[in-house]
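Next up, data.txt (compact mmCIF, C-alpha atoms and all ligand atoms):
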# COMPACT_ATOMS: atom_id res chain seq x y z
CA MET A 1 8.31 14.60 -10.94
CA PRO A 2 7.23 11.26 -9.54
CA ILE A 3 4.91 9.02 -11.54
CA SER A 4 1.37 8.99 -10.15
CA VAL A 5 -0.72 5.83 -10.12
CA SER A 6 -4.44 5.88 -9.27
CA VAL A 7 -6.01 3.42 -6.87
CA LYS A 8 -9.75 3.25 -6.30
CA THR A 9 -10.77 1.60 -3.06
CA GLY A 10 -14.17 0.07 -2.41
CA THR A 11 -14.49 -0.34 1.35
CA ARG A 12 -13.33 1.37 4.54
CA ILE A 13 -10.43 -1.00 5.14
CA GLU A 14 -8.80 -3.22 2.55
CA MET A 15 -5.53 -4.24 0.95
CA ILE A 16 -5.21 -3.91 -2.84
CA ASP A 17 -2.49 -5.65 -4.83
CA ILE A 18 -0.81 -2.95 -6.96
CA THR A 19 2.21 -5.03 -8.04
CA ALA A 20 1.12 -5.21 -11.70
CA LYS A 21 0.55 -1.42 -11.85
CA VAL A 22 4.02 -0.75 -10.40
CA GLN A 23 5.65 -3.26 -12.77
CA GLU A 24 3.84 -1.62 -15.71
CA GLU A 25 5.39 1.76 -14.86
CA VAL A 26 8.84 0.20 -14.41
CA SER A 27 8.48 -1.46 -17.82
CA LYS A 28 7.36 1.85 -19.41
CA MET A 29 10.45 3.60 -17.99
CA GLY A 30 12.66 0.85 -19.38
CA THR A 31 14.84 0.77 -16.27
CA GLN A 32 16.81 -2.49 -16.30
CA ASP A 33 18.73 -2.22 -13.04
CA GLY A 34 17.77 0.18 -10.30
CA MET A 35 15.14 0.74 -7.70
CA CYS A 36 11.58 1.90 -7.32
CA VAL A 37 10.24 3.83 -4.36
CA VAL A 38 6.49 3.34 -3.91
CA TYR A 39 5.18 6.18 -1.78
CA VAL A 40 1.68 6.81 -0.43
CA PRO A 41 0.98 10.55 0.09
CA HIS A 42 -2.01 10.01 2.38
CA THR A 43 -2.44 10.04 6.16
CA THR A 44 -5.08 7.29 6.35
CA ALA A 45 -3.59 4.81 3.89
CA GLY A 46 -0.35 2.86 3.89
CA ILE A 47 1.69 0.40 1.91
CA THR A 48 3.25 -2.96 2.63
CA ILE A 49 4.79 -5.98 0.95
CA ASN A 50 3.44 -9.36 2.01
CA GLU A 51 2.03 -12.65 0.77
CA GLY A 52 -0.25 -12.46 -2.25
CA ALA A 53 -0.80 -16.19 -2.88
CA ASP A 54 -3.26 -16.87 -0.06
CA PRO A 55 -5.84 -14.05 0.32
CA ALA A 56 -6.38 -15.22 3.92
CA VAL A 57 -3.09 -13.52 4.84
CA CYS A 58 -4.44 -10.05 3.99
CA LYS A 59 -7.70 -10.86 5.79
CA ASP A 60 -5.74 -11.91 8.88
CA ILE A 61 -3.64 -8.73 8.79
CA LEU A 62 -6.75 -6.53 8.56
CA THR A 63 -8.60 -8.49 11.25
CA LYS A 64 -5.64 -8.18 13.61
CA LEU A 65 -5.23 -4.45 12.85
CA ASN A 66 -8.91 -3.93 13.70
CA GLU A 67 -8.42 -5.82 16.97
CA LEU A 68 -5.33 -3.80 17.86
CA VAL A 69 -6.75 -0.45 16.77
CA PRO A 70 -10.56 -0.56 16.88
CA ALA A 71 -12.61 2.29 15.41
CA GLY A 72 -14.28 4.70 17.84
CA ALA A 73 -12.26 3.68 20.89
CA GLY A 74 -12.24 7.07 22.60
CA TYR A 75 -9.61 8.83 20.52
CA ARG A 76 -9.00 12.60 20.69
CA HIS A 77 -8.88 13.27 16.93
CA LEU A 78 -12.10 15.17 16.12
CA GLU A 79 -12.44 13.93 12.54
CA GLY A 80 -13.45 10.51 13.92
CA ASN A 81 -10.93 8.47 11.95
CA ALA A 82 -8.08 8.19 14.47
CA ASP A 83 -7.95 4.42 13.99
CA SER A 84 -7.30 5.01 10.25
CA HIS A 85 -4.34 7.30 11.02
CA ILE A 86 -2.87 4.82 13.52
CA LYS A 87 -3.24 1.87 11.14
CA ALA A 88 -1.58 3.91 8.36
CA SER A 89 1.39 4.65 10.59
CA LEU A 90 1.69 1.01 11.60
CA MET A 91 1.94 -0.05 7.95
CA GLY A 92 4.17 2.85 6.84
CA SER A 93 4.00 5.18 3.85
CA SER A 94 6.63 3.76 1.50
CA VAL A 95 8.40 0.65 0.30
CA LEU A 96 11.52 0.36 -1.83
CA VAL A 97 11.76 -2.44 -4.37
CA LEU A 98 14.87 -3.32 -6.36
CA ILE A 99 14.73 -3.70 -10.14
CA GLU A 100 16.75 -6.33 -11.95
CA ASN A 101 16.55 -7.08 -15.69
CA GLY A 102 13.56 -4.74 -15.91
CA ARG A 103 11.57 -6.67 -13.29
CA LEU A 104 10.70 -5.85 -9.69
CA VAL A 105 12.76 -8.06 -7.38
CA LEU A 106 10.10 -9.74 -5.24
CA GLY A 107 10.03 -13.12 -3.54
CA THR A 108 7.85 -15.87 -4.97
CA TRP A 109 4.93 -15.05 -2.69
CA GLN A 110 5.46 -11.31 -2.30
CA LYS A 111 3.09 -8.65 -3.63
CA ILE A 112 2.93 -4.89 -3.06
CA PHE A 113 -0.29 -3.94 -1.27
CA PHE A 114 -1.92 -0.53 -1.05
CA CYS A 115 -3.59 -0.44 2.39
CA GLU A 116 -6.80 1.56 2.60
CA PHE A 117 -7.89 2.47 6.13
CA ASP A 118 -10.54 5.14 5.50
CA GLY A 119 -12.22 4.26 2.24
CA PRO A 120 -13.82 4.09 -0.11
CA ARG A 121 -11.77 6.81 -1.82
CA SER A 122 -9.81 7.67 -4.94
CA ARG A 123 -6.15 7.48 -3.95
CA LYS A 124 -2.79 8.22 -5.52
CA VAL A 125 0.46 6.32 -5.21
CA ALA A 126 3.68 8.08 -6.18
CA LEU A 127 6.50 6.13 -7.83
CA LYS A 128 10.13 7.18 -8.23
CA ILE A 129 12.00 4.84 -10.53
CA GLN A 130 15.76 5.23 -10.92
ZN ZN B 1 -8.34 12.38 10.42

Kindly transcribe the structure held in the file into structure tokens.
Amino acid sequence: MPISVSVKTGTRIEMIDITAKVQEEVSKMGTQDGMCVVYVPHTTAGITINEGADPAVCKDILTKLNELVPAGAGYRHLEGNADSHIKASLMGSSVLVLIENGRLVLGTWQKIFFCEFDGPRSRKVALKIQ
């Protein structure tokens, strides 16, 4: 059974740093050397690793995604959230992070971001730590 982590989102489109939550679960498991798959079981949310030091980076990513895939641009999907599905696919639904000495192996500026594209909602992120 994968570990389930809850993420509450507050707006339609946003990126939420979940690095600390993932590290907490890795620490609880006590895995010293291994890997952690972070998987998003949703069709209108995604996950990515990118810069967490300057919040402007996330803003730029979201602004550009909105430019590339605007809402309500004549899509066929009847639910009205086709842009959310497309953005989710562009970001992807999983990342794999290595674990060394009990810590996630991330670059100095890297953070793991949950990407909400059809919020606000209560979301789940599945973790498999081995
Ligand atoms: Zn839909």

Residues of chain A at most 9 Å from ligand ZN 1 (chain B): nearest atom pair and distance in Å, all atoms listed in the file, as CSV:
residue,atom,partner,partner_atom,distance
A:Thr43,CA,B:ZN1,ZN,7.6
A:Thr44,CA,B:ZN1,ZN,7.3
A:His77,CA,B:ZN1,ZN,6.6
A:Leu78,CA,B:ZN1,ZN,7.4
A:Glu79,CA,B:ZN1,ZN,4.9
A:Gly80,CA,B:ZN1,ZN,6.5
A:Asn81,CA,B:ZN1,ZN,4.9
A:Ala82,CA,B:ZN1,ZN,5.8
A:Asp83,CA,B:ZN1,ZN,8.7
A:Ser84,CA,B:ZN1,ZN,7.4
A:His85,CA,B:ZN1,ZN,6.5

Shell around Val125 (chain A) at 8 Å using only C-alpha atoms, local window under 3 positions removed, as a PDB file with C-alpha atoms, in the coordinates of the input:
ATOM      1  CA  SER A   4       1.370   8.990 -10.150  1.00  0.00           C
ATOM      2  CA  VAL A   5      -0.720   5.830 -10.120  1.00  0.00           C
ATOM      3  CA  SER A   6      -4.440   5.880  -9.270  1.00  0.00           C
ATOM      4  CA  VAL A   7      -6.010   3.420  -6.870  1.00  0.00           C
ATOM      5  CA  VAL A  38       6.490   3.340  -3.910  1.00  0.00           C
ATOM      6  CA  TYR A  39       5.180   6.180  -1.780  1.00  0.00           C
ATOM      7  CA  VAL A  40       1.680   6.810  -0.430  1.00  0.00           C
ATOM      8  CA  PRO A  41       0.980  10.550   0.090  1.00  0.00           C
TER       9      PRO A  41
END

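As for CA of Cys36 (chain A) and CA of Thr9 (chain A), they are spaced 22.8 Å apart.
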
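Between CA of Gly30 (chain A) and CA of Leu127 (chain A) lies a distance of 14.1 Å.
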
So that I can see what lies close to region 14-21 of chain A, please list as JSON, numbers by chain the residues with an atom at most 6 Å from it, counting all atoms listed in the file and leaving out residues fewer than 2 positions away in the same chain.
{"A": [23, 24, 111, 112, 113, 114, 115, 116]}

Enclose the full set of atoms of region 29-32 of chain A listed in the file within a box whose edges lie along x, y and z, apply 3 Å of padding to each of the six sides, and report centre and edge lengths in Å to one decimal as lines of an AutoDock Vina configuration file.
center_x = 13.6
center_y = 0.6
center_z = -17.8
size_x = 12.4
size_y = 12.1
size_z = 9.1

From the list A:Leu65, A:Ala126, A:Ser27, A:Arg12, the nearest residue to Ser89 (chain A) using all atoms listed in the file is A:Leu65

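Minimum atom-to-atom distances from A:Val26, A:Ala71, A:Ala56, A:Met1 to Leu98 (chain A) were compared using only C-alpha atoms, and the lowest value belongs to A:Val26.
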
Minimum-distance residue to Glu67 (chain A), chosen among A:Lys87, A:Leu106, A:Gly119, A:Asn50 (using only C-alpha atoms):
A:Lys87

Top pick for closest residue to Lys124 (chain A), considering A:Ser93, A:Pro70, A:Thr48, A:Asn101 and counting all atoms listed in the file
A:Ser93

I want to know what sits within 8 Å of Gln32 (chain A), based on all atoms listed in the file, with residues of the same chain fewer than 2 positions away left out; could you give that as a PyMOL selection string?
chain A and resi 30+34+99-103

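Among the candidates A:Pro2, A:Phe117, A:Val37, A:Gln110, the one nearest to Val69 (chain A) when counting all atoms listed in the file is A:Phe117.
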
Might you pull out every residue within 8 Å of Lys8 (chain A), with only C-alpha atoms counted and same-chain residues fewer than 4 positions away left off, and present them as a PyMOL selection string?
chain A and resi 120-123

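Proximity ranking of A:Ile47, A:Leu104, A:Val22, A:Ile3 relative to Leu90 (chain A) places A:Ile47 first, based on all atoms listed in the file.
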